[in-house]
Structure formats: C-alpha cells, structure tokens
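run09.cif (mmCIF, C-alpha atoms)
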data_structure
#
loop_
_atom_site.group_PDB
_atom_site.id
_atom_site.type_symbol
_atom_site.label_atom_id
_atom_site.label_comp_id
_atom_site.auth_asym_id
_atom_site.auth_seq_id
_atom_site.Cartn_x
_atom_site.Cartn_y
_atom_site.Cartn_z
ATOM 1 C CA MET J 212 101.303 164.542 87.268
ATOM 2 C CA THR J 213 98.500 165.559 84.879
ATOM 3 C CA PRO J 214 98.496 163.086 81.967
ATOM 4 C CA THR J 215 96.543 165.293 79.572
ATOM 5 C CA MET J 216 99.228 167.998 79.832
ATOM 6 C CA ILE J 217 102.167 165.719 79.048
ATOM 7 C CA THR J 218 103.229 164.589 75.572
ATOM 8 C CA ALA J 219 105.496 161.808 74.384
ATOM 9 C CA ALA J 220 108.281 164.345 73.905
ATOM 10 C CA ALA J 221 108.804 164.292 77.685
ATOM 11 C CA ALA J 222 110.493 160.889 77.331
ATOM 12 C CA GLY J 223 113.264 162.292 75.138
ATOM 13 C CA THR J 224 114.245 161.122 71.672
ATOM 14 C CA TRP J 225 116.277 158.457 69.885
ATOM 15 C CA THR J 226 117.324 158.112 66.252
ATOM 16 C CA LEU J 227 116.220 154.951 64.440
ATOM 17 C CA GLY J 228 118.427 154.907 61.380
ATOM 18 C CA ASP J 229 117.825 158.377 59.975
ATOM 19 C CA ARG J 230 114.503 158.985 61.762
ATOM 20 C CA THR J 231 114.153 160.688 65.147
ATOM 21 C CA VAL J 232 111.385 159.358 67.376
ATOM 22 C CA ASN J 233 110.111 160.116 70.849
ATOM 23 C CA ARG J 234 111.171 157.302 73.173
ATOM 24 C CA LEU J 235 107.571 156.778 74.280
ATOM 25 C CA GLY J 236 105.725 155.151 71.382
ATOM 26 C CA PHE J 237 102.647 152.980 70.891
ATOM 27 C CA GLY J 238 102.171 149.291 70.137
ATOM 28 C CA THR J 239 99.094 148.246 68.159
ATOM 29 C CA MET J 240 98.887 144.560 69.130
ATOM 30 C CA ARG J 241 95.934 145.103 71.471
ATOM 31 C CA LEU J 242 93.939 147.370 69.146
ATOM 32 C CA PRO J 243 92.096 144.902 66.870
ATOM 33 C CA GLN J 244 90.380 143.059 69.724
ATOM 34 C CA HIS J 245 89.272 143.088 73.346
ATOM 35 C CA GLY J 246 91.050 140.742 75.707
ATOM 36 C CA GLU J 247 93.909 138.517 74.668
ATOM 37 C CA ALA J 248 95.658 139.274 71.397
ATOM 38 C CA LEU J 249 96.749 136.841 68.689
ATOM 39 C CA VAL J 250 94.087 134.224 69.351
ATOM 40 C CA PRO J 251 91.632 132.856 66.734
ATOM 41 C CA ASP J 252 88.446 133.619 68.687
ATOM 42 C CA ALA J 253 89.332 137.205 69.611
ATOM 43 C CA VAL J 254 86.423 139.591 70.199
ATOM 44 C CA PRO J 255 86.829 142.464 67.710
ATOM 45 C CA ARG J 256 87.211 145.970 69.080
ATOM 46 C CA ASP J 257 84.925 148.729 67.831
ATOM 47 C CA ARG J 258 86.689 150.279 64.835
ATOM 48 C CA ASP J 259 85.827 153.855 65.794
ATOM 49 C CA GLN J 260 87.227 153.324 69.290
ATOM 50 C CA ALA J 261 90.503 151.981 67.919
ATOM 51 C CA ILE J 262 90.807 154.820 65.422
ATOM 52 C CA ALA J 263 90.219 157.356 68.193
ATOM 53 C CA ILE J 264 93.051 155.805 70.217
ATOM 54 C CA LEU J 265 95.507 156.062 67.328
ATOM 55 C CA ARG J 266 94.601 159.647 66.534
ATOM 56 C CA ARG J 267 94.851 160.647 70.179
ATOM 57 C CA ALA J 268 98.252 158.961 70.456
ATOM 58 C CA VAL J 269 99.569 161.107 67.615
ATOM 59 C CA GLU J 270 98.004 164.204 69.176
ATOM 60 C CA LEU J 271 99.945 163.370 72.350
ATOM 61 C CA GLY J 272 103.206 163.363 70.433
ATOM 62 C CA VAL J 273 103.602 159.668 69.690
ATOM 63 C CA ASN J 274 105.558 159.361 66.437
ATOM 64 C CA HIS J 275 106.709 155.729 66.716
ATOM 65 C CA LEU J 276 104.112 153.027 66.043
ATOM 66 C CA ASP J 277 104.738 149.296 66.209
ATOM 67 C CA THR J 278 102.459 147.061 64.148
ATOM 68 C CA ALA J 279 102.340 143.865 62.073
ATOM 69 C CA ALA J 280 100.165 142.207 59.452
ATOM 70 C CA PHE J 281 99.552 139.296 61.848
ATOM 71 C CA TYR J 282 97.924 141.609 64.413
ATOM 72 C CA PHE J 283 94.271 141.074 63.544
ATOM 73 C CA SER J 284 90.892 139.906 64.819
ATOM 74 C CA PRO J 285 88.041 138.425 62.755
ATOM 75 C CA LEU J 286 86.845 141.871 61.632
ATOM 76 C CA THR J 287 89.854 144.171 61.490
ATOM 77 C CA SER J 288 93.632 144.394 61.498
ATOM 78 C CA ALA J 289 96.065 146.727 63.207
ATOM 79 C CA ASN J 290 97.539 147.841 59.887
ATOM 80 C CA GLU J 291 94.115 148.652 58.472
ATOM 81 C CA LEU J 292 93.297 150.683 61.571
ATOM 82 C CA VAL J 293 96.577 152.604 61.336
ATOM 83 C CA ASN J 294 95.893 153.360 57.672
ATOM 84 C CA ARG J 295 92.307 154.428 58.302
ATOM 85 C CA ALA J 296 93.193 156.583 61.309
ATOM 86 C CA LEU J 297 96.372 158.303 60.198
ATOM 87 C CA ALA J 298 96.747 158.372 56.401
ATOM 88 C CA PRO J 299 97.949 160.605 54.890
ATOM 89 C CA TYR J 300 100.673 160.014 57.453
ATOM 90 C CA PRO J 301 102.408 162.826 59.359
ATOM 91 C CA ASP J 302 105.924 163.451 58.069
ATOM 92 C CA ASP J 303 107.510 162.616 61.422
ATOM 93 C CA LEU J 304 105.609 159.353 61.979
ATOM 94 C CA VAL J 305 107.774 156.210 61.973
ATOM 95 C CA ILE J 306 105.856 152.962 61.475
ATOM 96 C CA VAL J 307 107.709 149.811 62.496
ATOM 97 C CA THR J 308 106.410 146.455 61.276
ATOM 98 C CA LYS J 309 107.588 142.899 61.784
ATOM 99 C CA VAL J 310 107.735 139.819 59.604
ATOM 100 C CA GLY J 311 108.532 136.160 60.094
ATOM 101 C CA PRO J 312 105.386 134.844 61.806
ATOM 102 C CA GLY J 313 102.138 134.458 59.889
ATOM 103 C CA ARG J 314 98.523 133.521 60.600
ATOM 104 C CA ASP J 315 95.902 132.070 58.285
ATOM 105 C CA PRO J 316 92.518 133.833 57.830
ATOM 106 C CA SER J 317 91.070 131.929 60.793
ATOM 107 C CA GLY J 318 93.809 133.269 63.029
ATOM 108 C CA GLU J 319 95.784 130.047 63.409
ATOM 109 C CA TRP J 320 99.575 130.312 63.342
ATOM 110 C CA LEU J 321 101.485 129.268 60.244
ATOM 111 C CA PRO J 322 105.102 128.095 60.047
ATOM 112 C CA HIS J 323 107.530 131.014 60.114
ATOM 113 C CA ALA J 324 108.318 132.479 56.725
ATOM 114 C CA THR J 325 111.195 131.143 54.662
ATOM 115 C CA PRO J 326 113.631 133.626 53.085
ATOM 116 C CA GLY J 327 111.631 133.397 49.861
ATOM 117 C CA GLN J 328 108.348 134.173 51.624
ATOM 118 C CA LEU J 329 109.531 137.296 53.422
ATOM 119 C CA ARG J 330 109.054 139.529 50.388
ATOM 120 C CA GLY J 331 105.368 138.575 50.307
ATOM 121 C CA GLN J 332 105.026 139.498 53.965
ATOM 122 C CA VAL J 333 106.707 142.856 53.394
ATOM 123 C CA GLU J 334 104.437 143.538 50.413
ATOM 124 C CA GLU J 335 101.365 142.640 52.489
ATOM 125 C CA ASN J 336 102.362 145.201 55.111
ATOM 126 C CA LEU J 337 102.902 147.782 52.372
ATOM 127 C CA ARG J 338 99.459 147.083 50.915
ATOM 128 C CA GLN J 339 97.636 147.214 54.234
ATOM 129 C CA LEU J 340 99.379 150.404 55.337
ATOM 130 C CA GLY J 341 99.037 152.068 51.934
ATOM 131 C CA ARG J 342 102.733 152.873 51.642
ATOM 132 C CA ASP J 343 105.443 152.465 49.013
ATOM 133 C CA HIS J 344 108.104 151.690 51.616
ATOM 134 C CA LEU J 345 108.328 150.567 55.242
ATOM 135 C CA ASP J 346 110.304 152.702 57.705
ATOM 136 C CA VAL J 347 111.586 149.784 59.797
ATOM 137 C CA VAL J 348 111.008 146.044 59.461
ATOM 138 C CA ASN J 349 111.871 143.699 62.318
ATOM 139 C CA LEU J 350 112.608 140.055 61.632
ATOM 140 C CA ARG J 351 110.890 138.068 64.377
ATOM 141 C CA ILE J 352 112.810 134.946 65.364
ATOM 142 C CA VAL J 353 111.977 131.717 67.185
ATOM 143 C CA GLY J 354 114.941 129.610 68.256
ATOM 144 C CA SER J 355 118.692 130.091 68.187
ATOM 145 C CA ASP J 356 119.529 128.965 64.643
ATOM 146 C CA SER J 357 121.344 131.086 62.065
ATOM 147 C CA ILE J 358 119.316 133.984 60.715
ATOM 148 C CA ALA J 359 121.698 134.889 57.879
ATOM 149 C CA GLU J 360 119.482 133.740 55.006
ATOM 150 C CA ARG J 361 116.341 135.372 56.313
ATOM 151 C CA PHE J 362 118.009 138.622 57.343
ATOM 152 C CA GLY J 363 119.889 138.646 54.052
ATOM 153 C CA ALA J 364 116.565 138.441 52.194
ATOM 154 C CA LEU J 365 115.331 141.524 54.056
ATOM 155 C CA ALA J 366 118.606 143.314 53.340
ATOM 156 C CA GLU J 367 117.941 142.762 49.636
ATOM 157 C CA LEU J 368 114.511 144.373 50.034
ATOM 158 C CA ARG J 369 116.176 147.299 51.782
ATOM 159 C CA ASP J 370 118.575 147.658 48.854
ATOM 160 C CA ALA J 371 115.551 147.594 46.515
ATOM 161 C CA GLY J 372 113.941 150.502 48.404
ATOM 162 C CA LEU J 373 110.975 148.639 49.885
ATOM 163 C CA VAL J 374 112.412 148.943 53.390
ATOM 164 C CA ARG J 375 114.500 151.750 54.875
ATOM 165 C CA HIS J 376 115.850 150.143 58.031
ATOM 166 C CA LEU J 377 116.013 146.700 59.609
ATOM 167 C CA GLY J 378 115.614 145.369 63.130
ATOM 168 C CA LEU J 379 115.288 142.066 64.968
ATOM 169 C CA SER J 380 112.888 140.599 67.503
ATOM 170 C CA ASN J 381 113.135 137.818 70.087
ATOM 171 C CA ILE J 382 116.822 137.182 69.421
ATOM 172 C CA ARG J 383 120.007 136.057 71.149
ATOM 173 C CA PRO J 384 123.310 137.995 71.190
ATOM 174 C CA HIS J 385 124.976 135.755 68.593
ATOM 175 C CA GLN J 386 122.092 136.395 66.180
ATOM 176 C CA LEU J 387 122.513 140.149 66.548
ATOM 177 C CA ALA J 388 126.226 139.811 65.796
ATOM 178 C CA GLU J 389 125.452 137.644 62.751
ATOM 179 C CA ALA J 390 122.877 140.106 61.403
ATOM 180 C CA GLN J 391 125.194 143.076 61.814
ATOM 181 C CA THR J 392 127.672 141.496 59.413
ATOM 182 C CA ILE J 393 124.911 141.683 56.783
ATOM 183 C CA ALA J 394 123.206 145.048 57.401
ATOM 184 C CA PRO J 395 122.796 147.625 60.195
ATOM 185 C CA VAL J 396 120.332 146.658 62.951
ATOM 186 C CA VAL J 397 118.605 149.811 64.186
ATOM 187 C CA CYS J 398 116.525 148.138 66.910
ATOM 188 C CA VAL J 399 115.987 144.952 68.852
ATOM 189 C CA GLN J 400 112.549 144.016 70.192
ATOM 190 C CA ASN J 401 112.942 141.558 73.058
ATOM 191 C CA MET J 402 111.011 140.944 76.246
ATOM 192 C CA TYR J 403 112.253 143.286 78.966
ATOM 193 C CA GLY J 404 110.993 145.026 82.086
ATOM 194 C CA ILE J 405 111.161 144.925 85.872
ATOM 195 C CA GLY J 406 112.400 141.509 86.921
ATOM 196 C CA ALA J 407 114.489 141.089 83.759
ATOM 197 C CA SER J 408 116.752 138.047 83.636
ATOM 198 C CA ALA J 409 120.536 138.224 83.439
ATOM 199 C CA GLU J 410 120.320 137.253 79.764
ATOM 200 C CA GLN J 411 117.880 140.087 79.058
ATOM 201 C CA GLU J 412 120.137 142.550 80.850
ATOM 202 C CA GLU J 413 123.086 141.326 78.814
ATOM 203 C CA MET J 414 121.199 141.978 75.584
ATOM 204 C CA LEU J 415 120.354 145.475 76.796
ATOM 205 C CA ARG J 416 124.049 146.156 77.397
ATOM 206 C CA ILE J 417 125.164 144.713 74.056
ATOM 207 C CA CYS J 418 122.613 146.757 72.119
ATOM 208 C CA GLY J 419 123.764 149.925 73.862
ATOM 209 C CA GLU J 420 127.365 149.214 72.933
ATOM 210 C CA ARG J 421 126.445 148.468 69.315
ATOM 211 C CA GLY J 422 124.152 151.463 68.856
ATOM 212 C CA SER J 423 120.911 149.512 68.460
ATOM 213 C CA ALA J 424 117.773 150.664 70.233
ATOM 214 C CA VAL J 425 116.066 148.236 72.608
ATOM 215 C CA VAL J 426 112.284 148.264 72.198
ATOM 216 C CA PRO J 427 110.881 146.024 74.958
ATOM 217 C CA PHE J 428 107.653 144.122 74.617
ATOM 218 C CA TYR J 429 105.536 143.172 77.645
ATOM 219 C CA SER J 430 107.226 145.827 79.806
ATOM 220 C CA ILE J 431 103.832 146.367 81.484
ATOM 221 C CA ALA J 432 102.157 143.007 80.883
ATOM 222 C CA GLY J 433 105.102 140.978 82.146
ATOM 223 C CA SER J 434 104.028 137.362 82.624
ATOM 224 C CA GLY J 435 100.562 138.283 81.304
ATOM 225 C CA ARG J 436 102.115 138.594 77.835
ATOM 226 C CA THR J 437 99.452 138.696 75.074
ATOM 227 C CA ALA J 438 96.647 138.719 77.667
ATOM 228 C CA GLY J 439 97.955 141.989 79.117
ATOM 229 C CA ALA J 440 98.813 142.764 82.714
ATOM 230 C CA PRO J 441 96.546 140.963 85.193
ATOM 231 C CA VAL J 442 93.877 143.284 86.555
ATOM 232 C CA ASP J 443 95.202 142.910 90.092
ATOM 233 C CA ALA J 444 98.699 143.875 88.970
ATOM 234 C CA LEU J 445 97.417 147.021 87.227
ATOM 235 C CA ALA J 446 95.208 148.020 90.140
ATOM 236 C CA HIS J 447 97.426 147.113 93.042
ATOM 237 C CA GLY J 448 100.939 146.621 91.711
ATOM 238 C CA GLU J 449 103.292 143.993 93.026
ATOM 239 C CA GLY J 450 105.443 144.581 96.077
ATOM 240 C CA ALA J 451 108.027 147.266 95.421
ATOM 241 C CA VAL J 452 106.200 148.474 92.293
ATOM 242 C CA GLU J 453 103.062 149.098 94.333
ATOM 243 C CA ALA J 454 105.003 150.908 97.055
ATOM 244 C CA VAL J 455 106.736 153.252 94.608
ATOM 245 C CA ALA J 456 103.495 153.905 92.725
ATOM 246 C CA ARG J 457 101.656 154.752 95.930
ATOM 247 C CA ALA J 458 104.426 157.050 97.148
ATOM 248 C CA ARG J 459 104.588 158.923 93.840
ATOM 249 C CA GLY J 460 100.834 159.077 93.251
ATOM 250 C CA VAL J 461 101.028 157.235 89.924
ATOM 251 C CA SER J 462 99.906 153.859 88.623
ATOM 252 C CA PRO J 463 102.010 150.675 88.751
ATOM 253 C CA ALA J 464 102.007 150.656 84.948
ATOM 254 C CA GLN J 465 103.567 154.120 84.911
ATOM 255 C CA VAL J 466 106.268 152.973 87.338
ATOM 256 C CA ARG J 467 107.071 150.005 85.113
ATOM 257 C CA LEU J 468 107.355 152.220 82.033
ATOM 258 C CA ALA J 469 109.471 154.837 83.799
ATOM 259 C CA TRP J 470 111.835 152.160 85.141
ATOM 260 C CA THR J 471 112.198 150.683 81.664
ATOM 261 C CA LEU J 472 112.963 154.027 80.050
ATOM 262 C CA GLN J 473 115.569 154.797 82.688
ATOM 263 C CA ARG J 474 117.555 151.664 81.848
ATOM 264 C CA GLY J 475 119.370 153.570 79.103
ATOM 265 C CA PRO J 476 118.959 156.342 76.523
ATOM 266 C CA HIS J 477 118.683 153.662 73.811
ATOM 267 C CA VAL J 478 115.624 152.057 75.461
ATOM 268 C CA LEU J 479 112.266 152.908 73.873
ATOM 269 C CA ALA J 480 108.773 151.915 75.009
ATOM 270 C CA ILE J 481 105.732 150.875 72.966
ATOM 271 C CA PRO J 482 102.899 150.277 75.455
ATOM 272 C CA GLY J 483 99.593 149.467 73.811
ATOM 273 C CA THR J 484 96.057 149.990 75.042
ATOM 274 C CA GLY J 485 92.488 150.373 73.829
ATOM 275 C CA ASP J 486 91.597 152.845 76.587
ATOM 276 C CA LEU J 487 92.027 156.611 76.195
ATOM 277 C CA GLY J 488 92.688 157.099 79.897
ATOM 278 C CA HIS J 489 95.397 154.450 79.957
ATOM 279 C CA LEU J 490 96.911 155.967 76.807
ATOM 280 C CA ALA J 491 97.278 159.351 78.528
ATOM 281 C CA GLN J 492 98.788 157.693 81.601
ATOM 282 C CA ASN J 493 101.262 155.712 79.516
ATOM 283 C CA VAL J 494 102.397 158.813 77.659
ATOM 284 C CA ALA J 495 102.705 160.733 80.934
ATOM 285 C CA ALA J 496 105.024 158.014 82.249
ATOM 286 C CA GLY J 497 107.665 159.451 79.933
ATOM 287 C CA ALA J 498 107.920 162.438 82.269
ATOM 288 C CA LEU J 499 108.229 160.345 85.435
ATOM 289 C CA ARG J 500 111.801 160.288 86.739
ATOM 290 C CA LEU J 501 112.389 157.679 89.399
ATOM 291 C CA LEU J 502 114.910 158.444 92.130
ATOM 292 C CA ALA J 503 118.074 156.360 92.374
ATOM 293 C CA GLU J 504 116.812 154.658 95.506
ATOM 294 C CA GLU J 505 113.486 153.856 93.830
ATOM 295 C CA VAL J 506 115.240 152.296 90.832
ATOM 296 C CA ALA J 507 117.415 150.263 93.190
ATOM 297 C CA GLU J 508 114.350 149.118 95.122
ATOM 298 C CA LEU J 509 112.750 147.949 91.889
ATOM 299 C CA GLY J 510 115.932 146.273 90.682
ATOM 300 C CA PHE J 511 119.336 147.561 89.536
ATOM 301 C CA SER J 512 120.929 150.951 90.091
ATOM 302 C CA ALA J 513 120.015 154.192 88.369
#

I'd like the structure from this file rewritten - as structure tokens, please.
Amino acid sequence: MTPTMITAAAAGTWTLGDRTVNRLGFGTMRLPQHGEALVPDAVPRDRDQAIAILRRAVELGVNHLDTAAFYFSPLTSANELVNRALAPYPDDLVIVTKVGPGRDPSGEWLPHATPGQLRGQVEENLRQLGRDHLDVVNLRIVGSDSIAERFGALAELRDAGLVRHLGLSNIRPHQLAEAQTIAPVVCVQNMYGIGASAEQEEMLRICGERGSAVVPFYSIAGSGRTAGAPVDALAHGEGAVEAVARARGVSPAQVRLAWTLQRGPHVLAIPGTGDLGHLAQNVAAGALRLLAEEVAELGFSA
C-alpha cells in the first residue's frame, strides 16, 4: 500500500444530513499543541506545520473536519488554524463542531454550558471559523440526565439558520432517543474502537438502525485518550493488532482504523495527527480491507 497514492475517497462515502462526506475524515484536537491535548500547559505547535497538515488533508480528499472552540493551546486554536489554512472553504468541505464544554483563557475547564449559553458557544465557533452557519454541531454530554432543554436550544438555532444539522457526543441510547423526538440526529460521536464494550457495540447498532452516523473518537489512541496512542502501541501494536499489521505490511494504527470502518457503512473515522507521514498513512487506511478471519481475530465478525 502506497499512502501517497491513496485518497480519502477509498473509504467510501456517507451522507450527513444533506452533505456527502468521505468516511475517512480528520480530527483537529491534536493540531494546536504537541503532546497531550486539552491541558492548560500545552506546548503550542508551529502554526505553519499545522496549516500544512490541514491543507494536505484536503489535498488527500478529506472533506470532513471535526473541530471545536475549546481545542486550543496558549498560542493558537484549532478553529483559527482551519480558517487560516482553508478559507475560502472548498464547496464540498463539511466542518463539524461541538458545544457544551468550555475552557477559560488559561485552559481550565468551565462548567458545561446551560441551554442559554449554547448560542454564545455556537456564535464563537462561527466567528473563529469565519462562517455564517455551521454545517454540523454536536452537543457534547457528560452524565445520563435529560438533554431535552440543551438539544432543544440547538434545534432553535438550526431553525434560525445558524446551524444546518445536529449531532450528539458521549451519549447513552436513551439520550439519542430523547433527542430524536426534538430534531434529527445526523451523527453520534462516542468512544469506539478495537476492544469496544458491549454498551459501545449496542450504540453502534442503534445508530445504524436509526440512520445516524457513528463517528468514533480515540479509535487509534484507545486508553491513551487525549495523550494519543502510547508510542509502544503505535510502533509495536498489541497482540492481535500487531500480528495483523505485520502480516499485511501496515501499521497498527492503520489496522485499527480499517477495523473501525468495517464495523458498518455508517461508521466514519476522524483520526488526527500533526505529522504528514502519519496523515498519509491514516488516509491510506481507508483502502485497507481486512479479511473476515482478521476481523474475527481482532474482535467480532466481518
């Protein structure tokens, strides 16, 4: 597999609301800094390096970007980088943002937004991205309480034209059902990847039945979460992942992405990186088709 010859189109497509995207996208969480994301003392990434990554991603066919106003380091933010790198935006580019969490200027977490504060968060994303509307906005949730008021507030912003489509993040099945009585949910961003729990698999199934895309986070990082995949895991894999990667002549990260994409046509992927080589490898993973026995070895049937 030659990464530089493969584009994101190799992963196939999915329709988010009325927008068609390649199933292999890009997440911007890791772009504003080196090392762990979403921490106050993050080391800022070189702006030119980050911009080069974004432009190369689009050149490789990525037309689905995931970002948020709370993705920032002391010197730059993911939204600002997206704006600087890609505006005026390509017609086929779908930018997905999320609201709910917030951070103060020092990077410390704030209480999650109330229904009345969500409009301000949407407007901040609009300002930073330089847009008059947001393609998709995900409401990020913590806990299992009712989300009706908060999701209803976003539905009002959709009706006002500030947002085209709505999604959810970090939710439970009953919250998806509740939201869908208020407005269509085009995507669900939950943790998912090799080693997924029974609850995560159940959410995958429910979303497929209800027509919502599943957009996993940490599908490569796994337990590394905001710190990224441990170096040893990227270099050597873990057990069955390593064995499949070695047999196919690809990286463990590519195996993890390919497995995730093969869990259903409604599953998308948004791996993030600050390295051009890793970007090409991640995009190339969209062309990797694991055999049924390989999928079974990694967990679950093809």

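For the atom pair formed by atom CA of Pro482 of chain J and atom CA of Leu379 of chain J, the distance is 18.2 Å, given to one decimal.
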
Write out as a short mmCIF file (atom, residue, chain, number, x, y, z; two decimals) with C-alpha atoms, in the coordinates of the input which residues come within 12 Å of Phe362 of chain J when counting only C-alpha atoms, dropping same-chain ones fewer than 2 positions away.
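Heads up, here's the output in selection25.cif:
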data_model
loop_
_atom_site.label_atom_id
_atom_site.label_comp_id
_atom_site.auth_asym_id
_atom_site.auth_seq_id
_atom_site.Cartn_x
_atom_site.Cartn_y
_atom_site.Cartn_z
CA VAL J 310 107.74 139.82 59.60
CA GLY J 311 108.53 136.16 60.09
CA ALA J 324 108.32 132.48 56.72
CA THR J 325 111.20 131.14 54.66
CA PRO J 326 113.63 133.63 53.08
CA GLY J 327 111.63 133.40 49.86
CA LEU J 329 109.53 137.30 53.42
CA ARG J 330 109.05 139.53 50.39
CA VAL J 348 111.01 146.04 59.46
CA ASN J 349 111.87 143.70 62.32
CA LEU J 350 112.61 140.06 61.63
CA ARG J 351 110.89 138.07 64.38
CA ILE J 352 112.81 134.95 65.36
CA SER J 357 121.34 131.09 62.06
CA ILE J 358 119.32 133.98 60.72
CA ALA J 359 121.70 134.89 57.88
CA GLU J 360 119.48 133.74 55.01
CA ALA J 364 116.56 138.44 52.19
CA LEU J 365 115.33 141.52 54.06
CA ALA J 366 118.61 143.31 53.34
CA GLU J 367 117.94 142.76 49.64
CA LEU J 368 114.51 144.37 50.03
CA ARG J 369 116.18 147.30 51.78
CA HIS J 376 115.85 150.14 58.03
CA LEU J 377 116.01 146.70 59.61
CA GLY J 378 115.61 145.37 63.13
CA LEU J 379 115.29 142.07 64.97
CA SER J 380 112.89 140.60 67.50
CA GLN J 386 122.09 136.40 66.18
CA LEU J 387 122.51 140.15 66.55
CA ALA J 388 126.23 139.81 65.80
CA GLU J 389 125.45 137.64 62.75
CA ALA J 390 122.88 140.11 61.40
CA GLN J 391 125.19 143.08 61.81
CA THR J 392 127.67 141.50 59.41
CA ILE J 393 124.91 141.68 56.78
CA ALA J 394 123.21 145.05 57.40
CA PRO J 395 122.80 147.62 60.20
CA VAL J 396 120.33 146.66 62.95
#

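Relative to atom CA of Leu271 of chain J, atom CA of Ile217 of chain J is found at 7.4 Å.
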
In terms of the shortest atom-to-atom distance over all atoms listed in the file, which of J:Arg361, J:Arg474, J:Arg230, J:Gly354 is closest to Asp302 of chain J? J:Arg230

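Distance check against Ser355 of chain J using only C-alpha atoms: of J:Gly223, J:His385, J:Gly497, J:Leu509, the minimum falls on J:His385.
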
Record the distance separating atom CA of Gly460 of chain J and atom CA of Glu412 of chain J, expressed in Å with one decimal.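 Value for the atom CA of Gly460 of chain J-atom CA of Glu412 of chain J distance: 28.3 Å.
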
Find the residue from J:Arg338, J:Arg241, J:His344, J:His477 that sits nearest to Ala424 of chain J; use all atoms listed in the file when measuring.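 Distance minimum relative to Ala424 of chain J lands on J:His477.
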
Between segment 335-375 of chain J and segment 287-290 of chain J, at 8 Å or less, what are the per-residue closest atom pairs and their distances in Å? Count all atoms listed in the file, order by chain and rising residue number, and return it as a tab-separated table.
residue	atom	partner	partner_atom	distance
J:Asn336	CA	J:Asn290	CA	7.3
J:Gln339	CA	J:Asn290	CA	5.7
J:Leu340	CA	J:Asn290	CA	5.5

Name every residue that the PyMOL selection byres ((chain J and resi 489) around 12) selects in this structure, writing the answer as an MDAnalysis selection string with chains first and numbers rising. chainID J and resid 214:215 237 264 267:268 431 445 461:465 482:488 490:496
